[in-house]
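Participant: Provided herewith: data.cif, mmCIF, C-alpha atoms and all ligand atoms.
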data_protein
#
loop_
_atom_site.label_atom_id
_atom_site.label_comp_id
_atom_site.auth_asym_id
_atom_site.auth_seq_id
_atom_site.Cartn_x
_atom_site.Cartn_y
_atom_site.Cartn_z
CA MET A 1057 75.50 70.00 3.33
CA ASP A 1058 74.71 68.73 6.80
CA ARG A 1059 77.24 67.78 9.47
CA ARG A 1060 77.57 64.20 8.33
CA GLU A 1061 77.84 65.06 4.64
CA ARG A 1062 80.65 67.47 5.44
CA LEU A 1063 82.45 64.77 7.38
CA ILE A 1064 82.05 62.24 4.57
CA ALA A 1065 83.35 64.83 2.09
CA ARG A 1066 86.39 65.44 4.31
CA ALA A 1067 87.13 61.70 4.63
CA ARG A 1068 86.72 61.27 0.87
CA GLN A 1069 89.00 64.19 0.08
CA GLY A 1070 91.63 63.06 2.58
CA TYR A 1071 91.64 59.58 1.06
CA ARG A 1072 91.98 61.02 -2.43
CA LEU A 1073 94.84 63.30 -1.37
CA ALA A 1074 96.68 60.56 0.51
CA PHE A 1075 96.25 57.72 -1.95
CA GLY A 1076 95.43 59.39 -5.30
CA VAL A 1077 92.22 57.43 -5.89
CA GLU A 1078 88.62 57.51 -4.69
CA PRO A 1079 87.60 55.43 -1.65
CA THR A 1080 85.07 52.74 -2.44
CA ARG A 1081 83.12 52.60 0.84
CA PHE A 1082 82.41 54.41 4.12
CA VAL A 1083 81.45 53.48 7.67
CA ALA A 1084 80.59 55.61 10.72
CA ALA A 1085 80.66 55.12 14.50
CA PRO A 1086 79.28 57.69 16.97
CA GLY A 1087 80.67 59.30 20.10
CA VAL A 1088 78.88 58.56 23.37
CA VAL A 1089 77.68 60.33 26.48
CA ASN A 1090 76.96 58.32 29.59
CA LEU A 1091 73.74 59.27 31.40
CA ILE A 1092 74.31 57.19 34.57
CA GLY A 1093 76.57 54.35 35.77
CA GLU A 1094 79.96 56.04 36.01
CA HIS A 1095 83.09 54.01 36.74
CA VAL A 1096 80.82 51.00 36.84
CA ASP A 1097 81.56 49.17 33.57
CA TYR A 1098 84.91 47.77 34.70
CA ASN A 1099 83.17 46.66 37.91
CA ASP A 1100 80.79 44.48 35.84
CA GLY A 1101 77.74 46.64 36.68
CA TYR A 1102 74.94 48.30 34.71
CA VAL A 1103 75.35 51.51 32.71
CA LEU A 1104 73.09 53.75 30.62
CA PRO A 1105 75.02 55.54 27.84
CA CYS A 1106 73.66 56.96 24.61
CA ALA A 1107 75.26 57.61 21.21
CA ILE A 1108 75.39 61.27 20.12
CA ASP A 1109 75.35 62.91 16.71
CA ARG A 1110 79.11 63.28 16.47
CA GLU A 1111 80.99 60.56 14.63
CA ALA A 1112 84.19 59.04 13.36
CA ILE A 1113 83.94 58.25 9.65
CA VAL A 1114 86.25 55.90 7.79
CA ALA A 1115 86.58 56.05 4.00
CA PHE A 1116 88.24 52.88 2.74
CA GLY A 1117 89.20 50.88 -0.30
CA PRO A 1118 91.58 48.23 -1.68
CA PRO A 1119 95.39 48.42 -1.32
CA SER A 1120 97.53 50.15 -3.91
CA PRO A 1121 98.33 47.88 -6.84
CA GLU A 1122 101.92 49.24 -6.86
CA THR A 1123 102.82 48.67 -3.20
CA LYS A 1124 103.14 45.31 -1.57
CA GLN A 1125 99.74 43.66 -1.33
CA LYS A 1126 100.20 42.90 2.35
CA LEU A 1127 100.18 46.52 3.49
CA PHE A 1128 97.62 48.23 5.68
CA GLU A 1129 97.68 51.98 5.11
CA ALA A 1130 95.85 54.61 7.16
CA VAL A 1131 95.64 58.38 7.32
CA ALA A 1132 93.99 60.18 10.25
CA LEU A 1133 92.79 63.57 9.09
CA ASP A 1134 92.49 65.18 12.52
CA MET A 1135 95.86 64.04 13.84
CA GLY A 1136 98.44 66.48 12.50
CA ASP A 1137 100.15 67.08 9.19
CA MET A 1138 100.24 64.62 6.32
CA ALA A 1139 103.50 63.06 7.52
CA SER A 1140 102.59 62.38 11.18
CA ALA A 1141 99.02 61.55 10.28
CA ARG A 1142 100.00 58.67 8.00
CA ASP A 1143 100.77 55.11 8.91
CA SER A 1144 101.44 51.91 7.09
CA PHE A 1145 102.31 48.47 8.41
CA ASP A 1146 102.86 44.99 7.19
CA LEU A 1147 99.98 42.62 7.84
CA VAL A 1148 102.22 39.56 7.64
CA ALA A 1149 104.84 40.62 10.24
CA PRO A 1150 103.91 40.99 13.97
CA ILE A 1151 102.21 44.36 14.54
CA ARG A 1152 104.24 46.64 16.82
CA PRO A 1153 103.14 49.90 18.47
CA GLY A 1154 103.52 53.00 16.30
CA GLU A 1155 105.01 56.38 17.17
CA ASN A 1156 101.73 58.24 17.62
CA ASN A 1157 98.81 57.48 19.86
CA TRP A 1158 96.27 57.39 17.02
CA GLN A 1159 98.39 54.84 15.15
CA ASN A 1160 98.04 52.52 18.11
CA HIS A 1161 94.28 52.79 17.95
CA VAL A 1162 94.45 51.52 14.34
CA ARG A 1163 97.24 48.97 14.82
CA GLY A 1164 95.65 47.79 18.06
CA VAL A 1165 92.34 47.10 16.32
CA VAL A 1166 93.98 45.14 13.50
CA GLN A 1167 95.99 43.14 16.01
CA ALA A 1168 92.96 42.52 18.25
CA LEU A 1169 90.99 41.26 15.25
CA GLY A 1170 93.82 38.80 14.67
CA ARG A 1171 93.65 37.69 18.30
CA TYR A 1172 89.95 36.98 17.82
CA GLY A 1173 90.88 34.83 14.82
CA HIS A 1174 89.87 37.30 12.08
CA ARG A 1175 92.21 37.99 9.20
CA VAL A 1176 92.21 41.55 7.89
CA ARG A 1177 92.86 41.93 4.17
CA PRO A 1178 95.24 44.65 2.98
CA MET A 1179 93.40 47.95 2.65
CA ARG A 1180 93.69 51.72 2.76
CA MET A 1181 91.64 54.00 4.96
CA ALA A 1182 91.18 57.69 5.81
CA ILE A 1183 89.59 58.58 9.16
CA ALA A 1184 87.83 61.87 9.90
CA GLY A 1185 85.76 62.74 12.93
CA ASP A 1186 83.89 65.45 14.78
CA VAL A 1187 83.70 63.91 18.27
CA PRO A 1188 85.51 66.42 20.53
CA ILE A 1189 88.79 64.83 21.63
CA GLY A 1190 89.56 64.42 25.34
CA ALA A 1191 86.19 65.74 26.49
CA GLY A 1192 84.77 62.47 27.83
CA LEU A 1193 82.58 61.92 24.76
CA SER A 1194 84.35 58.72 23.71
CA SER A 1195 86.23 59.95 20.67
CA SER A 1196 88.61 56.97 21.08
CA ALA A 1197 85.76 54.46 21.18
CA ALA A 1198 84.18 55.99 18.06
CA PHE A 1199 87.57 55.87 16.32
CA GLY A 1200 88.27 52.25 17.33
CA VAL A 1201 84.79 50.94 16.54
CA ALA A 1202 84.78 52.72 13.15
CA VAL A 1203 88.18 51.24 12.26
CA ALA A 1204 87.04 47.76 13.38
CA LEU A 1205 83.86 48.03 11.30
CA ALA A 1206 85.78 49.20 8.21
CA CYS A 1207 88.13 46.19 8.59
CA SER A 1208 85.14 43.88 9.04
CA GLU A 1209 83.34 45.21 5.96
CA HIS A 1210 86.44 45.20 3.79
CA SER A 1211 87.48 41.70 4.80
CA GLY A 1212 83.97 40.21 4.68
CA LEU A 1213 83.98 39.36 8.41
CA SER A 1214 80.35 40.38 9.17
CA LEU A 1215 81.21 41.13 12.80
CA GLY A 1216 78.35 42.02 15.17
CA ALA A 1217 78.24 44.92 17.62
CA GLU A 1218 79.60 42.90 20.56
CA THR A 1219 82.68 41.74 18.68
CA LEU A 1220 83.36 45.22 17.28
CA ALA A 1221 83.13 46.62 20.81
CA LYS A 1222 85.37 43.93 22.33
CA VAL A 1223 87.99 44.38 19.61
CA ALA A 1224 88.06 48.17 20.07
CA GLN A 1225 88.31 47.73 23.86
CA LEU A 1226 91.14 45.19 23.58
CA ALA A 1227 93.02 47.61 21.33
CA GLU A 1228 92.77 50.34 23.99
CA ASN A 1229 93.66 48.00 26.84
CA ASP A 1230 96.64 46.31 25.22
CA PHE A 1231 97.95 48.70 22.60
CA VAL A 1232 97.05 52.16 23.87
CA GLY A 1233 97.52 51.37 27.58
CA CYS A 1234 94.15 52.53 28.92
CA ALA A 1235 92.38 49.99 31.14
CA CYS A 1236 88.96 51.26 30.01
CA GLY A 1237 85.80 49.19 30.34
CA ILE A 1238 83.45 48.15 27.54
CA MET A 1239 80.73 50.81 27.95
CA ASP A 1240 81.80 53.38 25.36
CA GLN A 1241 82.58 50.82 22.67
CA MET A 1242 79.30 48.95 23.20
CA ALA A 1243 77.29 52.18 23.08
CA SER A 1244 79.12 53.30 19.94
CA ALA A 1245 78.52 49.90 18.31
CA ALA A 1246 75.00 48.98 19.48
CA SER A 1247 72.96 52.13 20.22
CA VAL A 1248 69.51 52.70 18.73
CA ALA A 1249 68.38 56.19 17.61
CA ASP A 1250 66.33 58.13 20.19
CA HIS A 1251 67.18 55.56 22.87
CA ALA A 1252 69.80 55.12 25.57
CA LEU A 1253 71.41 51.70 25.96
CA LEU A 1254 70.88 49.85 29.23
CA LEU A 1255 73.91 47.59 29.28
CA ASP A 1256 74.90 44.81 31.63
CA CYS A 1257 78.68 45.04 31.47
CA ARG A 1258 79.10 41.49 32.79
CA THR A 1259 77.00 39.67 30.19
CA LEU A 1260 76.90 42.43 27.52
CA GLN A 1261 73.13 41.96 27.33
CA HIS A 1262 71.63 45.26 26.31
CA LEU A 1263 68.23 46.85 26.02
CA PRO A 1264 67.41 50.13 24.27
CA ILE A 1265 65.51 52.46 26.62
CA PRO A 1266 63.38 55.09 24.86
CA ILE A 1267 64.23 58.68 25.71
CA HIS A 1268 60.96 60.48 26.37
CA SER A 1269 60.26 63.05 23.66
CA SER A 1270 59.99 65.86 26.27
CA LEU A 1271 63.67 65.39 27.23
CA ALA A 1272 66.86 66.86 25.79
CA ILE A 1273 70.40 65.60 26.36
CA THR A 1274 72.76 68.54 26.85
CA VAL A 1275 76.49 68.24 27.33
CA ILE A 1276 78.26 71.06 29.11
CA ASP A 1277 81.97 71.02 28.31
CA THR A 1278 83.79 72.56 31.25
CA GLY A 1279 86.85 73.24 29.12
CA LEU A 1280 88.97 71.65 31.85
CA ARG A 1281 91.38 68.93 30.77
CA ARG A 1282 93.61 67.25 33.28
CA SER A 1283 96.70 65.54 31.99
CA LEU A 1284 97.56 62.04 33.22
CA THR A 1285 93.89 61.07 32.89
CA GLU A 1286 94.86 57.59 31.81
CA SER A 1287 97.10 56.88 34.77
CA ALA A 1288 94.52 58.32 37.21
CA PHE A 1289 91.85 56.19 35.53
CA ASN A 1290 93.96 53.05 35.74
CA HIS A 1291 94.61 53.85 39.42
CA ARG A 1292 90.85 54.05 40.18
CA ARG A 1293 90.36 50.73 38.46
CA ALA A 1294 93.11 49.15 40.57
CA GLU A 1295 91.48 50.57 43.74
CA CYS A 1296 88.16 48.91 42.80
CA GLU A 1297 89.92 45.62 42.14
CA ALA A 1298 91.60 45.82 45.54
CA VAL A 1299 88.20 46.11 47.23
CA ALA A 1300 86.80 43.18 45.23
CA GLN A 1301 89.80 41.18 46.40
CA HIS A 1302 89.23 42.23 50.02
CA PHE A 1303 85.69 40.82 49.80
CA GLY A 1304 86.69 37.77 47.76
CA VAL A 1305 84.25 38.64 44.95
CA LYS A 1306 84.87 38.73 41.21
CA ALA A 1307 83.85 42.39 40.89
CA LEU A 1308 82.16 45.15 42.91
CA ARG A 1309 78.94 44.25 41.09
CA ASP A 1310 78.77 41.29 43.47
CA LEU A 1311 78.46 43.54 46.54
CA ASP A 1312 75.54 45.58 47.80
CA ALA A 1313 75.44 48.37 50.38
CA ALA A 1314 74.74 45.99 53.28
CA LYS A 1315 77.58 43.59 52.37
CA LEU A 1316 79.96 46.49 51.89
CA GLU A 1317 79.24 47.95 55.32
CA ALA A 1318 79.28 44.53 57.01
CA GLY A 1319 82.74 43.71 55.65
CA ALA A 1320 84.32 47.16 55.82
CA ALA A 1321 86.48 46.41 58.89
CA GLY A 1322 90.13 46.53 57.90
CA LEU A 1323 89.33 48.24 54.60
CA ASP A 1324 91.27 51.43 53.88
CA PRO A 1325 88.79 54.38 54.19
CA VAL A 1326 89.68 55.64 50.70
CA LEU A 1327 89.00 52.21 49.18
CA HIS A 1328 85.78 52.04 51.19
CA ALA A 1329 84.63 55.34 49.67
CA ARG A 1330 85.50 54.18 46.13
CA ALA A 1331 83.41 51.04 46.59
CA ARG A 1332 80.55 53.02 48.16
CA HIS A 1333 80.38 55.06 44.96
CA VAL A 1334 80.33 52.02 42.68
CA VAL A 1335 77.75 50.08 44.71
CA GLY A 1336 75.45 53.14 45.01
CA GLU A 1337 75.94 54.08 41.36
CA ILE A 1338 74.86 50.65 40.13
CA GLU A 1339 71.65 51.07 42.13
CA ARG A 1340 71.01 54.45 40.52
CA VAL A 1341 70.91 53.07 36.97
CA GLU A 1342 67.43 51.55 37.06
CA PRO A 1343 65.61 54.64 38.44
CA VAL A 1344 67.30 56.80 35.80
CA ALA A 1345 66.23 54.37 33.05
CA VAL A 1346 62.65 54.53 34.33
CA ALA A 1347 62.74 58.33 34.62
CA LEU A 1348 64.18 58.62 31.11
CA ALA A 1349 61.41 56.55 29.57
CA ARG A 1350 58.67 58.35 31.52
CA GLY A 1351 60.06 61.87 31.22
CA ASP A 1352 60.15 62.11 35.04
CA THR A 1353 62.40 65.15 35.43
CA ALA A 1354 62.04 65.42 39.21
CA LEU A 1355 63.40 61.88 39.63
CA LEU A 1356 66.24 62.66 37.20
CA ALA A 1357 67.09 65.76 39.26
CA GLU A 1358 67.23 63.80 42.50
CA VAL A 1359 69.19 60.76 41.32
CA MET A 1360 71.66 62.69 39.16
CA ARG A 1361 72.40 65.09 42.04
CA GLU A 1362 73.25 62.10 44.25
CA ALA A 1363 75.35 60.60 41.46
CA HIS A 1364 77.39 63.78 41.03
CA LEU A 1365 78.07 64.10 44.76
CA SER A 1366 79.13 60.48 44.91
CA LEU A 1367 81.56 60.88 42.00
CA SER A 1368 82.98 64.02 43.57
CA LEU A 1369 83.18 63.03 47.25
CA ASP A 1370 83.60 59.24 47.22
CA PHE A 1371 85.21 58.54 43.86
CA ASP A 1372 87.13 61.84 43.78
CA VAL A 1373 87.19 62.38 40.03
CA SER A 1374 85.71 65.90 39.95
CA LEU A 1375 87.36 69.30 40.33
CA PRO A 1376 86.09 72.34 42.33
CA PRO A 1377 85.07 74.42 39.27
CA ILE A 1378 83.13 71.42 37.93
CA ASP A 1379 81.30 70.98 41.23
CA GLN A 1380 80.43 74.69 41.25
CA LEU A 1381 79.09 74.57 37.69
CA ALA A 1382 77.09 71.39 38.41
CA ALA A 1383 75.54 73.06 41.49
CA LEU A 1384 74.66 76.21 39.53
CA ILE A 1385 72.97 74.21 36.77
CA ALA A 1386 71.17 71.92 39.24
CA GLU A 1387 69.80 74.98 41.02
CA ALA A 1388 68.70 76.59 37.77
CA LEU A 1389 66.97 73.36 36.67
CA GLY A 1390 65.17 72.66 39.92
CA ASP A 1391 62.77 69.80 39.19
CA ALA A 1392 63.07 70.26 35.41
CA GLY A 1393 65.94 67.78 35.04
CA GLY A 1394 69.24 66.49 36.38
CA VAL A 1395 72.91 67.21 35.80
CA ARG A 1396 76.12 65.39 36.73
CA LEU A 1397 79.72 64.81 35.71
CA THR A 1398 79.96 62.30 32.85
CA GLY A 1399 82.79 60.10 31.57
CA ALA A 1400 86.00 59.32 33.38
CA GLY A 1401 86.13 62.76 35.04
CA PHE A 1402 89.33 64.64 35.98
CA GLY A 1403 87.90 67.46 33.83
CA GLY A 1404 85.68 66.97 30.82
CA CYS A 1405 81.93 67.36 30.63
CA LEU A 1406 78.71 67.50 32.59
CA VAL A 1407 75.58 65.92 31.15
CA ALA A 1408 72.11 67.32 31.75
CA VAL A 1409 68.95 65.35 31.03
CA ALA A 1410 66.16 67.91 31.23
CA ALA A 1411 62.94 69.16 29.70
CA HIS A 1412 63.53 70.89 26.33
CA GLU A 1413 62.14 74.15 27.78
CA ALA A 1414 64.84 74.09 30.49
CA GLY A 1415 67.55 74.72 27.85
CA THR A 1416 67.55 78.45 28.58
CA ALA A 1417 67.98 77.80 32.33
CA ILE A 1418 71.11 75.75 31.51
CA ASP A 1419 72.42 78.46 29.16
CA ASP A 1420 71.84 81.15 31.80
CA ALA A 1421 73.65 79.12 34.47
CA VAL A 1422 76.59 78.55 32.12
CA ALA A 1423 76.70 82.28 31.31
CA ARG A 1424 76.75 83.13 35.03
CA HIS A 1425 79.58 80.63 35.57
CA ASN A 1426 81.53 82.04 32.63
CA ALA A 1427 81.31 85.57 33.98
CA THR A 1428 83.83 84.66 36.69
CA ALA A 1429 85.43 81.38 35.54
CA ASP A 1430 89.00 81.13 34.23
CA LEU A 1431 87.87 78.80 31.46
CA PRO A 1432 84.57 79.28 29.66
CA ALA A 1433 82.17 76.32 29.65
CA ARG A 1434 79.98 75.57 26.63
CA ALA A 1435 76.61 73.84 26.47
CA GLU A 1436 75.47 71.86 23.44
CA THR A 1437 72.41 69.69 22.92
CA PHE A 1438 72.91 66.38 21.11
CA LYS A 1439 70.59 64.04 19.27
CA PRO A 1440 70.72 60.37 20.30
CA ILE A 1441 71.62 58.52 17.09
CA SER A 1442 72.13 54.87 16.20
CA GLY A 1443 75.37 52.96 16.54
CA ALA A 1444 78.11 52.06 14.05
CA ALA A 1445 77.01 51.15 10.53
CA PRO A 1446 78.10 51.25 6.90
CA ILE A 1447 77.08 54.46 5.14
CA VAL A 1448 74.93 54.05 2.08
CA ILE A 1449 75.84 56.85 -0.31
CA GLY A 1450 72.78 57.62 -2.47
C1 LIG A 1501 86.00 56.11 30.51
C2 LIG A 1501 86.16 54.65 30.11
C3 LIG A 1501 84.85 53.89 30.26
C4 LIG A 1501 84.25 54.10 31.65
C5 LIG A 1501 84.21 55.60 31.98
C6 LIG A 1501 83.77 55.87 33.39
O1 LIG A 1501 85.17 56.78 29.59
O2 LIG A 1501 86.60 54.57 28.78
O3 LIG A 1501 85.05 52.52 30.01
O4 LIG A 1501 84.97 53.38 32.60
O5 LIG A 1501 85.46 56.22 31.80
O6 LIG A 1501 82.46 55.47 33.59
#
In structure tokens, how does this file's structure come out?

Facilitator:
Amino acid sequence: MDRRERLIARARQGYRLAFGVEPTRFVAAPGVVNLIGEHVDYNDGYVLPCAIDREAIVAFGPPSPETKQKLFEAVALDMGDMASARDSFDLVAPIRPGENNWQNHVRGVVQALGRYGHRVRPMRMAIAGDVPIGAGLSSSAAFGVAVALACSEHSGLSLGAETLAKVAQLAENDFVGCACGIMDQMASAASVADHALLLDCRTLQHLPIPIHSSLAITVIDTGLRRSLTESAFNHRRAECEAVAQHFGVKALRDLDAAKLEAGAAGLDPVLHARARHVVGEIERVEPVAVALARGDTALLAEVMREAHLSLSLDFDVSLPPIDQLAALIAEALGDAGGVRLTGAGFGGCLVAVAAHEAGTAIDDAVARHNATADLPARAETFKPISGAAPIVIG
């Protein structure tokens, strides 16, 4: 059994245990790692994420004939014991937040679908996943997009990737309370295997960029998790909005380095630094897309080094042990590839885009770091897979 088959088997078994019958269908949505364009999506800029071979899988089927036909029932297999991991709510009454965070991801999606004018039919679902939670690999986006796709399939809505992504984002914004952008959900919904997704977060236009066959995507989990990530994230977003307001533009996407410097008088130095990161980061997306397609590891090394420093010094979302690990890996890689902090930050993961042969250099650097670090880091190479889709069981 491969990874995905095991996950499907777990979702199937969980459904059977929870509801006493077999599920009728399955869908999957992948986790995501962002290669460049960090803290840029909610500033309407360009980003370059890619879906990874870790997924949320939803097994689903019709409602129980015995219970009320208007019920939506869900069980989340990775979210605690059978009691706390179960949820059911009435599709006719207004949908209110649940007691657990995961319940709000499900309830939020069903409510968001309603706000987009789509009616979800009563159903039952079991959700299982292997995207590491809280590591910056978009486990929430995978969860939300998978739930939205299961609802769409079950209710005959035929929703496209953009709508699935918007629904999952709205659920997080309004029901879960995280002011996240659209990047993770779009990458989870619309990625193409062996490609990264160049996404314009203002228009949602997207273009798959081939990942050169000489390159490997490695994620180095630092093991560090900072609590209050959501409030710190929301705070950064508010800082960016304050700068946009200062300049009278819709979003920081509408500035460039020259405009930023010309209008910086009277701008708080911290806000200035935040904007400098965003404006510079948007400019770094195109060279990384080119380097990715060409397999230009020296260019990746240079641009990703700049990107990491900018996130650490100007956007202030790194931590000293993460900076040390990034520097160790960058040194070990030399011109063989780049490394930088990925995701929201405040802990989480580094991503390296490097020649396959450089894998041992990354492993050695991580081992050296672990010899003295309080928390061991772990490197893992992922395969870029395609976005959310129904699973055809042969
Ligand atoms: C989180 C959010 C994304 C994006 C990144 C930072 O992962 O969910 O929308 O803002 O942080 O790039």

Participant: Hey, what's within 6 Å of region 1329-1343 of chain A if we count only C-alpha atoms and toss same-chain stuff fewer than 3 positions away? As a PyMOL selection string, please?

Facilitator: chain A and resi 1092-1093+1096+1102+1312+1326+1346+1366+1370-1371

Participant: List as a ChimeraX atom specification the protein and nucleic acid residues near Glu1295 (chain A), meaning an atom at most 10 Å away when all atoms listed in the file are counted, but skip any in the same chain fewer than 3 places from it.

Facilitator: /A:1289-1292,1298-1301,1326-1328,1330-1331

Participant: Residues within 10 Å of ligand LIG 1501 (chain A) (all atoms listed in the file), as number ranges by chain?

Facilitator: A: 1088-1099, 1103-1105, 1190-1197, 1225, 1228-1229, 1234-1242, 1257, 1285-1286, 1289-1290, 1292-1293, 1334, 1373, 1397-1401

Participant: With C-alpha atoms retained, write the just-selected residues as a compact mmCIF listing (two decimals), in the frame of the given file.

Facilitator:
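Contents of the output file selection_9.txt:
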# COMPACT_ATOMS: atom_id res chain seq x y z
CA VAL A 1088 78.88 58.56 23.37
CA VAL A 1089 77.68 60.33 26.48
CA ASN A 1090 76.96 58.32 29.59
CA LEU A 1091 73.74 59.27 31.40
CA ILE A 1092 74.31 57.19 34.57
CA GLY A 1093 76.57 54.35 35.77
CA GLU A 1094 79.96 56.04 36.01
CA HIS A 1095 83.09 54.01 36.74
CA VAL A 1096 80.82 51.00 36.84
CA ASP A 1097 81.56 49.17 33.57
CA TYR A 1098 84.91 47.77 34.70
CA ASN A 1099 83.17 46.66 37.91
CA VAL A 1103 75.35 51.51 32.71
CA LEU A 1104 73.09 53.75 30.62
CA PRO A 1105 75.02 55.54 27.84
CA GLY A 1190 89.56 64.42 25.34
CA ALA A 1191 86.19 65.74 26.49
CA GLY A 1192 84.77 62.47 27.83
CA LEU A 1193 82.58 61.92 24.76
CA SER A 1194 84.35 58.72 23.71
CA SER A 1195 86.23 59.95 20.67
CA SER A 1196 88.61 56.97 21.08
CA ALA A 1197 85.76 54.46 21.18
CA GLN A 1225 88.31 47.73 23.86
CA GLU A 1228 92.77 50.34 23.99
CA ASN A 1229 93.66 48.00 26.84
CA CYS A 1234 94.15 52.53 28.92
CA ALA A 1235 92.38 49.99 31.14
CA CYS A 1236 88.96 51.26 30.01
CA GLY A 1237 85.80 49.19 30.34
CA ILE A 1238 83.45 48.15 27.54
CA MET A 1239 80.73 50.81 27.95
CA ASP A 1240 81.80 53.38 25.36
CA GLN A 1241 82.58 50.82 22.67
CA MET A 1242 79.30 48.95 23.20
CA CYS A 1257 78.68 45.04 31.47
CA THR A 1285 93.89 61.07 32.89
CA GLU A 1286 94.86 57.59 31.81
CA PHE A 1289 91.85 56.19 35.53
CA ASN A 1290 93.96 53.05 35.74
CA ARG A 1292 90.85 54.05 40.18
CA ARG A 1293 90.36 50.73 38.46
CA VAL A 1334 80.33 52.02 42.68
CA VAL A 1373 87.19 62.38 40.03
CA LEU A 1397 79.72 64.81 35.71
CA THR A 1398 79.96 62.30 32.85
CA GLY A 1399 82.79 60.10 31.57
CA ALA A 1400 86.00 59.32 33.38
CA GLY A 1401 86.13 62.76 35.04

Participant: So the first atom is CA of Val1165 (chain A) and the second is CA of Ala1224 (chain A); what is the distance between them in Å, to one decimal place?

Facilitator: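 Taking CA of Val1165 (chain A) as the start and CA of Ala1224 (chain A) as the end point, the length is 5.8 Å.
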
Participant: Rank A:Gly1212, A:Pro1266, A:Pro1119, A:Gly1070 by their smallest atom-to-atom distance to Arg1142 (chain A), using all atoms listed in the file, and report the top residue only.

Facilitator: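 The answer is A:Gly1070, which sits nearest to Arg1142 (chain A).
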
Participant: Looking at A:Cys1106, A:Leu1384, A:Leu1308, A:Val1407, which one is nearest to His1262 (chain A), with distances taken over only C-alpha atoms?

Facilitator: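 Closest candidate: A:Cys1106.
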
Participant: Could you name the residues that touch Leu1406 (chain A) at 7 Å or less, counting all atoms listed in the file, but leaving out those on the same chain fewer than 3 positions away, as a PDB file with C-alpha atoms, in the coordinates of the input?

Facilitator:
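Output file out.pdb follows:
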ATOM      1  CA  VAL A1275      76.490  68.240  27.330  1.00  0.00           C
ATOM      2  CA  ILE A1276      78.260  71.060  29.110  1.00  0.00           C
ATOM      3  CA  ASP A1277      81.970  71.020  28.310  1.00  0.00           C
ATOM      4  CA  VAL A1395      72.910  67.210  35.800  1.00  0.00           C
ATOM      5  CA  ARG A1396      76.120  65.390  36.730  1.00  0.00           C
ATOM      6  CA  LEU A1397      79.720  64.810  35.710  1.00  0.00           C
ATOM      7  CA  THR A1398      79.960  62.300  32.850  1.00  0.00           C
TER       8      THR A1398
END

Participant: Which neighbours of Arg1424 (chain A) fall inside 12 Å, counting all atoms listed in the file, when residues of the same chain fewer than 4 positions from it are skipped, and could you give them as an mmCIF file with C-alpha atoms, in the frame of the given file?

Facilitator:
data_model
loop_
_atom_site.group_PDB
_atom_site.id
_atom_site.type_symbol
_atom_site.label_atom_id
_atom_site.label_comp_id
_atom_site.auth_asym_id
_atom_site.auth_seq_id
_atom_site.Cartn_x
_atom_site.Cartn_y
_atom_site.Cartn_z
ATOM 1 C CA GLN A 1380 80.430 74.690 41.250
ATOM 2 C CA LEU A 1381 79.090 74.570 37.690
ATOM 3 C CA LEU A 1384 74.660 76.210 39.530
ATOM 4 C CA ILE A 1385 72.970 74.210 36.770
ATOM 5 C CA ALA A 1388 68.700 76.590 37.770
ATOM 6 C CA ALA A 1417 67.980 77.800 32.330
ATOM 7 C CA ILE A 1418 71.110 75.750 31.510
ATOM 8 C CA ASP A 1419 72.420 78.460 29.160
ATOM 9 C CA ASP A 1420 71.840 81.150 31.800
ATOM 10 C CA THR A 1428 83.830 84.660 36.690
ATOM 11 C CA ALA A 1429 85.430 81.380 35.540
ATOM 12 C CA PRO A 1432 84.570 79.280 29.660
ATOM 13 C CA ALA A 1433 82.170 76.320 29.650
ATOM 14 C CA ARG A 1434 79.980 75.570 26.630
#

Participant: Grab the CA of Trp1158 (chain A) to CA of Gly1173 (chain A) distance for me, in Å with one decimal place.

Facilitator: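 These two atoms are separated by 23.3 Å.
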
Participant: Looking at all atoms listed in the file, which of A:Ala1227, A:Ala1411, A:Ala1320, A:Ala1288 is the one that sits closest to His1302 (chain A)?

Facilitator: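 With all atoms listed in the file as the atom set, the closest residue is A:Ala1320.
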
Participant: Hey, which of A:Leu1253, A:Leu1311, A:Val1176, A:Cys1207 ends up closest to Lys1126 (chain A)? Count all atoms listed in the file.

Facilitator: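 Going through A:Leu1253, A:Leu1311, A:Val1176, A:Cys1207 one by one, the smallest distance to Lys1126 (chain A) is for A:Val1176.
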
Participant: Of the residues A:His1161, A:Cys1405, A:Val1344, A:Ile1189, which is the one nearest to Leu1226 (chain A), using all atoms listed in the file?

Facilitator: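 Ranked by minimum distance to Leu1226 (chain A), first place goes to A:His1161.
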
Participant: One number please: CA of Arg1066 (chain A) to CA of Pro1121 (chain A), in Å, one decimal.

Facilitator: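 Rounded to one decimal, the two atoms are 24.0 Å apart.
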
Participant: Determine the nearest neighbour of Phe1438 (chain A) from the options A:Ala1345, A:Ala1313, A:Ala1386, A:Ala1408, counting all atoms listed in the file.

Facilitator: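 Looking at the shortest contact to Phe1438 (chain A), the residue is A:Ala1408.
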
Participant: Enumerate, in order of chain and increasing residue number, the residues of region 1184-1238 of chain A with an atom no farther than 12 Å from region 1440-1448 of chain A, each with its shortest atom pair and distance in Å to one decimal, counting all atoms listed in the file, as a tab-separated table.

Facilitator:
residue	atom	partner	partner_atom	distance
A:Ala1197	CA	A:Ala1444	CA	10.7
A:Ala1198	CA	A:Ala1444	CA	8.3
A:Phe1199	CA	A:Ala1444	CA	10.4
A:Gly1200	CA	A:Ala1444	CA	10.7
A:Val1201	CA	A:Ala1444	CA	7.2
A:Ala1202	CA	A:Ala1444	CA	6.8
A:Val1203	CA	A:Ala1444	CA	10.3
A:Ala1204	CA	A:Ala1444	CA	9.9
A:Leu1205	CA	A:Ala1444	CA	7.5
A:Ala1206	CA	A:Pro1446	CA	8.1
A:Cys1207	CA	A:Pro1446	CA	11.4
A:Ser1208	CA	A:Pro1446	CA	10.4
A:Glu1209	CA	A:Pro1446	CA	8.1
A:His1210	CA	A:Pro1446	CA	10.8
A:Ser1214	CA	A:Pro1446	CA	11.3
A:Leu1215	CA	A:Ala1445	CA	11.1
A:Gly1216	CA	A:Ala1444	CA	10.1
A:Ala1217	CA	A:Ala1444	CA	8.0
A:Glu1218	CA	A:Ala1444	CA	11.3
A:Leu1220	CA	A:Ala1444	CA	9.2
A:Ala1221	CA	A:Ala1444	CA	10.0
